[in-house]
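Shown next: final-v3.tsv, given as TSV, N, CA and C atoms.
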chain	number	residue	atom	x	y	z
J	1	GLN	N	225.47	-10.42	79.30
J	1	GLN	CA	224.20	-11.10	79.23
J	1	GLN	C	223.39	-10.54	78.06
J	2	VAL	N	223.02	-11.41	77.15
J	2	VAL	CA	222.24	-10.98	75.99
J	2	VAL	C	220.77	-10.88	76.37
J	3	GLN	N	220.16	-9.81	75.96
J	3	GLN	CA	218.72	-9.65	76.17
J	3	GLN	C	218.03	-9.35	74.86
J	4	LEU	N	216.84	-9.92	74.69
J	4	LEU	CA	216.00	-9.66	73.53
J	4	LEU	C	214.71	-9.03	74.05
J	5	VAL	N	214.33	-7.92	73.46
J	5	VAL	CA	213.13	-7.20	73.92
J	5	VAL	C	212.21	-6.99	72.73
J	6	GLU	N	211.01	-7.57	72.84
J	6	GLU	CA	210.03	-7.41	71.77
J	6	GLU	C	209.15	-6.19	72.02
J	7	SER	N	208.64	-5.64	70.94
J	7	SER	CA	207.69	-4.54	71.02
J	7	SER	C	206.84	-4.55	69.75
J	8	GLY	N	205.78	-3.77	69.77
J	8	GLY	CA	204.96	-3.62	68.58
J	8	GLY	C	203.66	-4.38	68.60
J	9	GLY	N	203.43	-5.18	69.62
J	9	GLY	CA	202.17	-5.91	69.70
J	9	GLY	C	201.02	-4.97	70.03
J	10	GLY	N	199.82	-5.53	69.95
J	10	GLY	CA	198.66	-4.72	70.26
J	10	GLY	C	197.39	-5.35	69.75
J	11	LEU	N	196.34	-4.54	69.72
J	11	LEU	CA	195.03	-4.97	69.25
J	11	LEU	C	194.81	-4.44	67.85
J	12	VAL	N	194.41	-5.32	66.94
J	12	VAL	CA	194.18	-4.92	65.55
J	12	VAL	C	192.98	-5.69	65.02
J	13	GLN	N	192.31	-5.10	64.06
J	13	GLN	CA	191.16	-5.77	63.46
J	13	GLN	C	191.59	-6.77	62.40
J	14	THR	N	190.73	-7.70	62.13
J	14	THR	CA	190.98	-8.68	61.08
J	14	THR	C	191.30	-7.96	59.76
J	15	GLY	N	192.37	-8.44	59.12
J	15	GLY	CA	192.81	-7.83	57.88
J	15	GLY	C	193.82	-6.72	58.05
J	16	GLY	N	194.06	-6.33	59.29
J	16	GLY	CA	195.01	-5.26	59.56
J	16	GLY	C	196.45	-5.74	59.58
J	17	SER	N	197.34	-4.82	59.93
J	17	SER	CA	198.77	-5.10	59.93
J	17	SER	C	199.42	-4.64	61.24
J	18	LEU	N	200.49	-5.31	61.58
J	18	LEU	CA	201.33	-4.91	62.71
J	18	LEU	C	202.77	-5.24	62.35
J	19	ARG	N	203.69	-4.49	62.91
J	19	ARG	CA	205.11	-4.83	62.77
J	19	ARG	C	205.70	-5.00	64.15
J	20	LEU	N	206.20	-6.19	64.40
J	20	LEU	CA	206.87	-6.48	65.66
J	20	LEU	C	208.36	-6.22	65.52
J	21	SER	N	208.96	-5.77	66.60
J	21	SER	CA	210.40	-5.54	66.64
J	21	SER	C	211.02	-6.34	67.77
J	22	CYS	N	212.21	-6.81	67.54
J	22	CYS	CA	212.98	-7.52	68.57
J	22	CYS	C	214.35	-6.86	68.62
J	23	ALA	N	214.59	-6.13	69.68
J	23	ALA	CA	215.85	-5.42	69.84
J	23	ALA	C	216.78	-6.22	70.74
J	24	ALA	N	218.00	-6.44	70.27
J	24	ALA	CA	219.00	-7.17	71.04
J	24	ALA	C	219.90	-6.20	71.78
J	25	SER	N	220.35	-6.64	72.97
J	25	SER	CA	221.22	-5.77	73.77
J	25	SER	C	222.62	-5.68	73.18
J	26	GLY	N	222.97	-6.65	72.34
J	26	GLY	CA	224.26	-6.62	71.68
J	26	GLY	C	224.09	-6.79	70.18
J	27	SER	N	225.20	-6.95	69.51
J	27	SER	CA	225.14	-7.09	68.06
J	27	SER	C	224.45	-8.38	67.65
J	28	ILE	N	223.53	-8.29	66.71
J	28	ILE	CA	222.88	-9.50	66.22
J	28	ILE	C	223.71	-10.15	65.12
J	29	PHE	N	224.82	-9.53	64.79
J	29	PHE	CA	225.70	-10.07	63.76
J	29	PHE	C	226.16	-11.48	64.12
J	30	PHE	N	226.32	-11.71	65.44
J	30	PHE	CA	226.83	-13.00	65.89
J	30	PHE	C	225.75	-14.04	66.15
J	31	PHE	N	224.51	-13.67	65.93
J	31	PHE	CA	223.44	-14.64	66.07
J	31	PHE	C	223.37	-15.47	64.79
J	32	SER	N	223.51	-16.78	64.93
J	32	SER	CA	223.47	-17.63	63.75
J	32	SER	C	222.03	-17.79	63.25
J	33	LEU	N	221.08	-17.64	64.11
J	33	LEU	CA	219.68	-17.77	63.74
J	33	LEU	C	218.86	-16.84	64.62
J	34	MET	N	217.88	-16.20	64.01
J	34	MET	CA	216.91	-15.43	64.77
J	34	MET	C	215.53	-15.74	64.23
J	35	GLY	N	214.55	-15.69	65.13
J	35	GLY	CA	213.23	-16.04	64.66
J	35	GLY	C	212.13	-15.57	65.58
J	36	TRP	N	210.94	-15.78	65.10
J	36	TRP	CA	209.73	-15.45	65.85
J	36	TRP	C	208.91	-16.71	66.07
J	37	TYR	N	208.39	-16.82	67.27
J	37	TYR	CA	207.52	-17.93	67.65
J	37	TYR	C	206.28	-17.34	68.31
J	38	ARG	N	205.23	-18.13	68.42
J	38	ARG	CA	204.03	-17.64	69.07
J	38	ARG	C	203.37	-18.74	69.87
J	39	GLN	N	202.62	-18.32	70.87
J	39	GLN	CA	201.90	-19.26	71.71
J	39	GLN	C	200.51	-18.70	72.00
J	40	ALA	N	199.52	-19.42	71.52
J	40	ALA	CA	198.14	-19.05	71.77
J	40	ALA	C	197.67	-19.75	73.04
J	41	PRO	N	196.64	-19.23	73.69
J	41	PRO	CA	196.14	-19.84	74.93
J	41	PRO	C	195.78	-21.31	74.72
J	42	GLY	N	196.31	-22.16	75.60
J	42	GLY	CA	196.01	-23.58	75.53
J	42	GLY	C	196.73	-24.34	74.46
J	43	LYS	N	197.66	-23.67	73.77
J	43	LYS	CA	198.40	-24.34	72.69
J	43	LYS	C	199.89	-24.28	72.95
J	44	GLN	N	200.60	-25.14	72.26
J	44	GLN	CA	202.06	-25.15	72.38
J	44	GLN	C	202.67	-24.00	71.58
J	45	ARG	N	203.84	-23.60	72.00
J	45	ARG	CA	204.57	-22.56	71.26
J	45	ARG	C	204.95	-23.13	69.89
J	46	GLU	N	204.78	-22.32	68.85
J	46	GLU	CA	205.06	-22.77	67.50
J	46	GLU	C	205.93	-21.77	66.75
J	47	LEU	N	206.65	-22.30	65.79
J	47	LEU	CA	207.50	-21.45	64.95
J	47	LEU	C	206.64	-20.61	64.01
J	48	VAL	N	207.00	-19.36	63.88
J	48	VAL	CA	206.34	-18.48	62.92
J	48	VAL	C	207.26	-18.22	61.74
J	49	ALA	N	208.48	-17.75	62.04
J	49	ALA	CA	209.43	-17.43	60.97
J	49	ALA	C	210.83	-17.40	61.55
J	50	THR	N	211.80	-17.85	60.77
J	50	THR	CA	213.20	-17.78	61.19
J	50	THR	C	214.05	-17.27	60.05
J	51	MET	N	215.21	-16.75	60.42
J	51	MET	CA	216.15	-16.23	59.42
J	51	MET	C	217.55	-16.57	59.87
J	52	VAL	N	218.36	-17.10	58.96
J	52	VAL	CA	219.74	-17.41	59.31
J	52	VAL	C	220.59	-16.14	59.24
J	53	SER	N	221.81	-16.22	59.71
J	53	SER	CA	222.62	-15.05	59.97
J	53	SER	C	222.91	-14.20	58.75
J	54	ASP	N	223.04	-14.83	57.59
J	54	ASP	CA	223.40	-14.04	56.42
J	54	ASP	C	222.20	-13.31	55.83
J	55	GLY	N	221.03	-13.54	56.43
J	55	GLY	CA	219.83	-12.86	55.96
J	55	GLY	C	219.29	-13.38	54.67
J	56	GLY	N	219.91	-14.41	54.11
J	56	GLY	CA	219.49	-14.87	52.80
J	56	GLY	C	218.48	-15.99	52.81
J	57	SER	N	218.32	-16.65	53.95
J	57	SER	CA	217.42	-17.80	53.99
J	57	SER	C	216.42	-17.62	55.11
J	58	SER	N	215.15	-17.69	54.75
J	58	SER	CA	214.09	-17.56	55.73
J	58	SER	C	213.17	-18.77	55.65
J	59	ASN	N	212.52	-19.03	56.76
J	59	ASN	CA	211.60	-20.16	56.85
J	59	ASN	C	210.32	-19.67	57.53
J	60	TYR	N	209.18	-20.06	56.97
J	60	TYR	CA	207.90	-19.62	57.51
J	60	TYR	C	206.98	-20.79	57.77
J	61	ALA	N	206.15	-20.65	58.79
J	61	ALA	CA	205.07	-21.61	59.00
J	61	ALA	C	204.10	-21.49	57.83
J	62	ASP	N	203.52	-22.60	57.43
J	62	ASP	CA	202.58	-22.58	56.30
J	62	ASP	C	201.43	-21.60	56.55
J	63	SER	N	201.03	-21.47	57.79
J	63	SER	CA	199.88	-20.64	58.13
J	63	SER	C	200.12	-19.15	57.93
J	64	VAL	N	201.39	-18.74	57.81
J	64	VAL	CA	201.69	-17.31	57.67
J	64	VAL	C	202.38	-16.97	56.35
J	65	LYS	N	202.69	-17.97	55.55
J	65	LYS	CA	203.37	-17.71	54.28
J	65	LYS	C	202.54	-16.78	53.41
J	66	GLY	N	203.25	-15.79	52.85
J	66	GLY	CA	202.57	-14.82	52.00
J	66	GLY	C	201.95	-13.67	52.76
J	67	ARG	N	201.90	-13.78	54.09
J	67	ARG	CA	201.32	-12.70	54.90
J	67	ARG	C	202.34	-12.05	55.82
J	68	PHE	N	203.28	-12.85	56.33
J	68	PHE	CA	204.28	-12.36	57.26
J	68	PHE	C	205.65	-12.32	56.60
J	69	THR	N	206.46	-11.36	57.02
J	69	THR	CA	207.82	-11.24	56.50
J	69	THR	C	208.78	-10.95	57.64
J	70	ILE	N	209.82	-11.76	57.74
J	70	ILE	CA	210.87	-11.53	58.74
J	70	ILE	C	212.02	-10.79	58.08
J	71	SER	N	212.60	-9.85	58.81
J	71	SER	CA	213.74	-9.10	58.29
J	71	SER	C	214.62	-8.69	59.45
J	72	ARG	N	215.82	-8.25	59.12
J	72	ARG	CA	216.74	-7.83	60.16
J	72	ARG	C	217.50	-6.59	59.74
J	73	ASP	N	217.85	-5.78	60.71
J	73	ASP	CA	218.66	-4.58	60.49
J	73	ASP	C	219.85	-4.70	61.43
J	74	ASN	N	220.98	-5.14	60.90
J	74	ASN	CA	222.15	-5.36	61.74
J	74	ASN	C	222.64	-4.06	62.38
J	75	ALA	N	222.48	-2.96	61.69
J	75	ALA	CA	222.94	-1.68	62.23
J	75	ALA	C	222.15	-1.28	63.48
J	76	LYS	N	220.89	-1.71	63.53
J	76	LYS	CA	220.04	-1.39	64.67
J	76	LYS	C	219.92	-2.55	65.64
J	77	ASN	N	220.60	-3.65	65.34
J	77	ASN	CA	220.53	-4.85	66.19
J	77	ASN	C	219.07	-5.26	66.43
J	78	THR	N	218.30	-5.23	65.38
J	78	THR	CA	216.87	-5.47	65.50
J	78	THR	C	216.38	-6.42	64.41
J	79	VAL	N	215.48	-7.29	64.82
J	79	VAL	CA	214.79	-8.18	63.89
J	79	VAL	C	213.31	-7.80	63.89
J	80	TYR	N	212.71	-7.85	62.72
J	80	TYR	CA	211.32	-7.43	62.58
J	80	TYR	C	210.45	-8.57	62.08
J	81	LEU	N	209.18	-8.46	62.38
J	81	LEU	CA	208.18	-9.35	61.79
J	81	LEU	C	207.03	-8.48	61.30
J	82	GLN	N	206.95	-8.33	60.00
J	82	GLN	CA	205.85	-7.59	59.41
J	82	GLN	C	204.68	-8.55	59.21
J	83	MET	N	203.56	-8.22	59.79
J	83	MET	CA	202.39	-9.10	59.73
J	83	MET	C	201.26	-8.37	59.01
J	84	ASN	N	200.85	-8.91	57.90
J	84	ASN	CA	199.76	-8.34	57.11
J	84	ASN	C	198.60	-9.32	57.04
J	85	SER	N	197.44	-8.80	56.65
J	85	SER	CA	196.24	-9.62	56.49
J	85	SER	C	196.00	-10.50	57.72
J	86	LEU	N	196.05	-9.88	58.86
J	86	LEU	CA	195.96	-10.63	60.11
J	86	LEU	C	194.59	-11.28	60.27
J	87	LYS	N	194.63	-12.47	60.86
J	87	LYS	CA	193.43	-13.26	61.10
J	87	LYS	C	193.27	-13.48	62.61
J	88	SER	N	192.07	-13.84	63.01
J	88	SER	CA	191.82	-14.07	64.44
J	88	SER	C	192.72	-15.18	64.98
J	89	GLU	N	193.03	-16.15	64.13
J	89	GLU	CA	193.90	-17.26	64.58
J	89	GLU	C	195.35	-16.85	64.75
J	90	ASP	N	195.70	-15.62	64.40
J	90	ASP	CA	197.05	-15.12	64.66
J	90	ASP	C	197.18	-14.57	66.08
J	91	THR	N	196.08	-14.51	66.80
J	91	THR	CA	196.12	-14.03	68.18
J	91	THR	C	196.99	-14.94	69.03
J	92	ALA	N	197.99	-14.35	69.69
J	92	ALA	CA	198.95	-15.12	70.48
J	92	ALA	C	199.94	-14.16	71.13
J	93	VAL	N	200.74	-14.72	72.01
J	93	VAL	CA	201.92	-13.99	72.47
J	93	VAL	C	203.06	-14.36	71.53
J	94	TYR	N	203.72	-13.36	71.00
J	94	TYR	CA	204.81	-13.57	70.05
J	94	TYR	C	206.15	-13.37	70.76
J	95	TYR	N	207.03	-14.34	70.54
J	95	TYR	CA	208.34	-14.34	71.18
J	95	TYR	C	209.44	-14.28	70.13
J	96	CYS	N	210.48	-13.57	70.49
J	96	CYS	CA	211.69	-13.52	69.66
J	96	CYS	C	212.70	-14.52	70.24
J	97	ARG	N	213.38	-15.21	69.37
J	97	ARG	CA	214.40	-16.18	69.78
J	97	ARG	C	215.66	-15.95	68.97
J	98	GLY	N	216.80	-16.04	69.65
J	98	GLY	CA	218.07	-15.92	68.96
J	98	GLY	C	219.02	-17.03	69.41
J	99	VAL	N	219.83	-17.49	68.50
J	99	VAL	CA	220.84	-18.52	68.80
J	99	VAL	C	222.21	-17.91	68.53
J	100	ARG	N	223.04	-17.91	69.55
J	100	ARG	CA	224.35	-17.25	69.47
J	100	ARG	C	225.39	-18.14	70.15
J	101	PHE	N	226.34	-18.58	69.39
J	101	PHE	CA	227.42	-19.43	69.90
J	101	PHE	C	226.85	-20.64	70.65
J	102	GLY	N	225.82	-21.24	70.12
J	102	GLY	CA	225.26	-22.45	70.69
J	102	GLY	C	224.28	-22.24	71.82
J	103	SER	N	224.09	-21.02	72.25
J	103	SER	CA	223.12	-20.74	73.32
J	103	SER	C	221.91	-20.04	72.72
J	104	GLU	N	220.75	-20.33	73.27
J	104	GLU	CA	219.55	-19.68	72.77
J	104	GLU	C	219.04	-18.68	73.80
J	105	TYR	N	218.43	-17.64	73.25
J	105	TYR	CA	217.91	-16.56	74.07
J	105	TYR	C	216.48	-16.27	73.62
J	106	TRP	N	215.63	-15.95	74.60
J	106	TRP	CA	214.23	-15.63	74.33
J	106	TRP	C	213.89	-14.27	74.91
J	107	GLY	N	213.00	-13.58	74.22
J	107	GLY	CA	212.45	-12.36	74.77
J	107	GLY	C	211.28	-12.69	75.68
J	108	GLN	N	210.70	-11.64	76.24
J	108	GLN	CA	209.62	-11.83	77.21
J	108	GLN	C	208.26	-11.97	76.54
J	109	GLY	N	208.18	-11.66	75.26
J	109	GLY	CA	206.94	-11.82	74.52
J	109	GLY	C	206.14	-10.53	74.40
J	110	THR	N	205.37	-10.44	73.33
J	110	THR	CA	204.48	-9.31	73.13
J	110	THR	C	203.14	-9.85	72.63
J	111	GLN	N	202.07	-9.33	73.19
J	111	GLN	CA	200.74	-9.85	72.88
J	111	GLN	C	200.21	-9.23	71.58
J	112	VAL	N	199.71	-10.11	70.73
J	112	VAL	CA	199.02	-9.68	69.51
J	112	VAL	C	197.60	-10.23	69.58
J	113	THR	N	196.63	-9.33	69.48
J	113	THR	CA	195.23	-9.73	69.52
J	113	THR	C	194.54	-9.23	68.26
J	114	VAL	N	193.95	-10.15	67.52
J	114	VAL	CA	193.24	-9.80	66.29
J	114	VAL	C	191.75	-9.99	66.53
J	115	SER	N	191.01	-8.91	66.39
J	115	SER	CA	189.58	-8.98	66.65
J	115	SER	C	188.80	-8.98	65.35
J	116	SER	N	187.72	-9.71	65.34
J	116	SER	CA	186.89	-9.79	64.12
J	116	SER	C	185.80	-8.73	64.13
Rendering of file as structure tokens:
Amino acid sequence: QVQLVESGGGLVQTGGSLRLSCAASGSIFFFSLMGWYRQAPGKQRELVATMVSDGGSSNYADSVKGRFTISRDNAKNTVYLQMNSLKSEDTAVYYCRGVRFGSEYWGQGTQVTVSS
């Protein structure tokens, strides 16, 4: 059973930075896609950033381009989301998602709160 566990969320002031981590219980080498999504109160879950398996192609929501960076460390079976210049509208629960052999897996989420 594959498990994804997020960490690194917390409370930060506007303009600050956080790095989220998503640790997989197995090798992420076999994940064809990994990504970060977020859900703010009263809103639908939305894509933040995704990365395909070879690490060469990433996709970002327009709202985070230039501020957020997705990366992966296959040796640590971990995917990261570096978030800089945080804004109050970035406040949400952030979820990690992985696609492996046609099945998708989600983490339990980590709360990010940006205060002004």
| Could you pull out all residues of chain J with a DSSP call of strand (DSSP E or B) and give them as a PyMOL selection string? | chain J and resi 4-7+10-13+18-24+31-39+46-52+58-60+68-73+78-83+92-100+103-106+110-115
Please report the interatomic distance between CA of Thr14 in chain J and atom C of Val114 in chain J in Å with one decimal.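 Calculated distance between CA of Thr14 in chain J and atom C of Val114 in chain J is 5.7 Å.
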Helix (DSSP H, G or I) residues, from DSSP on the backbone, in chain J, as number ranges by chain: J: 28-30, 74-76, 88-90
Can you list, as a list of chain:residue names, every protein, DNA or RNA residue that comes within 5 Å of Asn77 in chain J when you count all atoms listed in the file, leaving out same-chain residues fewer than 4 positions away?
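So the residues in contact are J:Ala23, J:Ala24, J:Ile28, J:Asp73.
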Expected file contents, prior selection, N, CA and C atoms, as a JSON list (two decimals), in the frame of the given file:
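Below is the file that was written, again_26.json:
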[["chain", "number", "residue", "atom", "x", "y", "z"],
["J", 23, "ALA", "N", 214.59, -6.13, 69.68],
["J", 23, "ALA", "CA", 215.85, -5.42, 69.84],
["J", 23, "ALA", "C", 216.78, -6.22, 70.74],
["J", 24, "ALA", "N", 218.00, -6.44, 70.27],
["J", 24, "ALA", "CA", 219.00, -7.17, 71.04],
["J", 24, "ALA", "C", 219.90, -6.20, 71.78],
["J", 28, "ILE", "N", 223.53, -8.29, 66.71],
["J", 28, "ILE", "CA", 222.88, -9.50, 66.22],
["J", 28, "ILE", "C", 223.71, -10.15, 65.12],
["J", 73, "ASP", "N", 217.85, -5.78, 60.71],
["J", 73, "ASP", "CA", 218.66, -4.58, 60.49],
["J", 73, "ASP", "C", 219.85, -4.70, 61.43]]
Pairwise distance, atom N of Ser115 in chain J with atom C of Leu18 in chain J, equals 13.0 Å
- Item | Interatomic distance, atom C of Ser103 in chain J to CA of Phe68 in chain J (Å, one decimal) |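 Spanning atom C of Ser103 in chain J to CA of Phe68 in chain J is a straight-line distance of 24.7 Å.
Between Leu11 in chain J and the candidates J:Tyr60, J:Met34, J:Lys76, J:Val112, the tightest atom-to-atom separation, counting only N, CA and C atoms, involves J:Val112.
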Practice problem: Taking the point (207.3, -4.1, 63.7) as given in the file, collect each protein or nucleic acid residue that comes within 7 Å of it, counting only C-alpha atoms, and present the set as a PyMOL selection string. | Solution: chain J and resi 8+18-21+80-82
Under the rule that only C-alpha atoms are counted, which of J:Ser27, J:Gln39, J:Ser63, J:Thr50 is the nearest residue to Arg97 in chain J?
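So, comparing all the options, the nearest one is J:Thr50.
In this comparison, which uses only C-alpha atoms, the residue of J:Asn84, J:Gln111, J:Ser116, J:Gln13 approaching Cys96 in chain J most closely is J:Gln111.
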Because the input lacks atoms here, generate N, CA, C and O atoms for range 59-76 of chain J and report them as a PDB file, in the coordinates of the input.
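What ended up in result_17.pdb:
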ATOM      1  N   ASN J  59     212.520 -19.030  56.760  1.00  0.00           N
ATOM      2  CA  ASN J  59     211.600 -20.160  56.850  1.00  0.00           C
ATOM      3  C   ASN J  59     210.320 -19.670  57.530  1.00  0.00           C
ATOM      4  O   ASN J  59     210.395 -18.932  58.516  1.00  0.00           O
ATOM      5  N   TYR J  60     209.180 -20.060  56.970  1.00  0.00           N
ATOM      6  CA  TYR J  60     207.900 -19.620  57.510  1.00  0.00           C
ATOM      7  C   TYR J  60     206.980 -20.790  57.770  1.00  0.00           C
ATOM      8  O   TYR J  60     206.991 -21.796  57.049  1.00  0.00           O
ATOM      9  N   ALA J  61     206.150 -20.650  58.790  1.00  0.00           N
ATOM     10  CA  ALA J  61     205.070 -21.610  59.000  1.00  0.00           C
ATOM     11  C   ALA J  61     204.100 -21.490  57.830  1.00  0.00           C
ATOM     12  O   ALA J  61     203.884 -20.391  57.294  1.00  0.00           O
ATOM     13  N   ASP J  62     203.520 -22.600  57.430  1.00  0.00           N
ATOM     14  CA  ASP J  62     202.580 -22.580  56.300  1.00  0.00           C
ATOM     15  C   ASP J  62     201.430 -21.600  56.550  1.00  0.00           C
ATOM     16  O   ASP J  62     200.936 -20.969  55.612  1.00  0.00           O
ATOM     17  N   SER J  63     201.030 -21.470  57.790  1.00  0.00           N
ATOM     18  CA  SER J  63     199.880 -20.640  58.130  1.00  0.00           C
ATOM     19  C   SER J  63     200.120 -19.150  57.930  1.00  0.00           C
ATOM     20  O   SER J  63     199.168 -18.364  57.873  1.00  0.00           O
ATOM     21  N   VAL J  64     201.390 -18.740  57.810  1.00  0.00           N
ATOM     22  CA  VAL J  64     201.690 -17.310  57.670  1.00  0.00           C
ATOM     23  C   VAL J  64     202.380 -16.970  56.350  1.00  0.00           C
ATOM     24  O   VAL J  64     202.613 -15.793  56.070  1.00  0.00           O
ATOM     25  N   LYS J  65     202.690 -17.970  55.550  1.00  0.00           N
ATOM     26  CA  LYS J  65     203.370 -17.710  54.280  1.00  0.00           C
ATOM     27  C   LYS J  65     202.540 -16.780  53.410  1.00  0.00           C
ATOM     28  O   LYS J  65     201.327 -16.931  53.272  1.00  0.00           O
ATOM     29  N   GLY J  66     203.250 -15.790  52.850  1.00  0.00           N
ATOM     30  CA  GLY J  66     202.570 -14.820  52.000  1.00  0.00           C
ATOM     31  C   GLY J  66     201.950 -13.670  52.760  1.00  0.00           C
ATOM     32  O   GLY J  66     201.530 -12.685  52.158  1.00  0.00           O
ATOM     33  N   ARG J  67     201.900 -13.780  54.090  1.00  0.00           N
ATOM     34  CA  ARG J  67     201.320 -12.700  54.900  1.00  0.00           C
ATOM     35  C   ARG J  67     202.340 -12.050  55.820  1.00  0.00           C
ATOM     36  O   ARG J  67     202.279 -10.856  56.085  1.00  0.00           O
ATOM     37  N   PHE J  68     203.280 -12.850  56.330  1.00  0.00           N
ATOM     38  CA  PHE J  68     204.280 -12.360  57.260  1.00  0.00           C
ATOM     39  C   PHE J  68     205.650 -12.320  56.600  1.00  0.00           C
ATOM     40  O   PHE J  68     205.966 -13.163  55.742  1.00  0.00           O
ATOM     41  N   THR J  69     206.460 -11.360  57.020  1.00  0.00           N
ATOM     42  CA  THR J  69     207.820 -11.240  56.500  1.00  0.00           C
ATOM     43  C   THR J  69     208.780 -10.950  57.640  1.00  0.00           C
ATOM     44  O   THR J  69     208.570 -10.006  58.400  1.00  0.00           O
ATOM     45  N   ILE J  70     209.820 -11.760  57.740  1.00  0.00           N
ATOM     46  CA  ILE J  70     210.870 -11.530  58.740  1.00  0.00           C
ATOM     47  C   ILE J  70     212.020 -10.790  58.080  1.00  0.00           C
ATOM     48  O   ILE J  70     212.364 -11.063  56.917  1.00  0.00           O
ATOM     49  N   SER J  71     212.600  -9.850  58.810  1.00  0.00           N
ATOM     50  CA  SER J  71     213.740  -9.100  58.290  1.00  0.00           C
ATOM     51  C   SER J  71     214.620  -8.690  59.450  1.00  0.00           C
ATOM     52  O   SER J  71     214.242  -8.796  60.605  1.00  0.00           O
ATOM     53  N   ARG J  72     215.820  -8.250  59.120  1.00  0.00           N
ATOM     54  CA  ARG J  72     216.740  -7.830  60.160  1.00  0.00           C
ATOM     55  C   ARG J  72     217.500  -6.590  59.740  1.00  0.00           C
ATOM     56  O   ARG J  72     217.776  -6.395  58.556  1.00  0.00           O
ATOM     57  N   ASP J  73     217.850  -5.780  60.710  1.00  0.00           N
ATOM     58  CA  ASP J  73     218.660  -4.580  60.490  1.00  0.00           C
ATOM     59  C   ASP J  73     219.850  -4.700  61.430  1.00  0.00           C
ATOM     60  O   ASP J  73     219.747  -4.413  62.626  1.00  0.00           O
ATOM     61  N   ASN J  74     220.980  -5.140  60.900  1.00  0.00           N
ATOM     62  CA  ASN J  74     222.150  -5.360  61.740  1.00  0.00           C
ATOM     63  C   ASN J  74     222.640  -4.060  62.380  1.00  0.00           C
ATOM     64  O   ASN J  74     223.138  -4.060  63.505  1.00  0.00           O
ATOM     65  N   ALA J  75     222.480  -2.960  61.690  1.00  0.00           N
ATOM     66  CA  ALA J  75     222.940  -1.680  62.230  1.00  0.00           C
ATOM     67  C   ALA J  75     222.150  -1.280  63.480  1.00  0.00           C
ATOM     68  O   ALA J  75     222.669  -0.612  64.371  1.00  0.00           O
ATOM     69  N   LYS J  76     220.890  -1.710  63.530  1.00  0.00           N
ATOM     70  CA  LYS J  76     220.040  -1.390  64.670  1.00  0.00           C
ATOM     71  C   LYS J  76     219.920  -2.550  65.640  1.00  0.00           C
ATOM     72  O   LYS J  76     219.184  -2.453  66.629  1.00  0.00           O
TER      73      LYS J  76
END
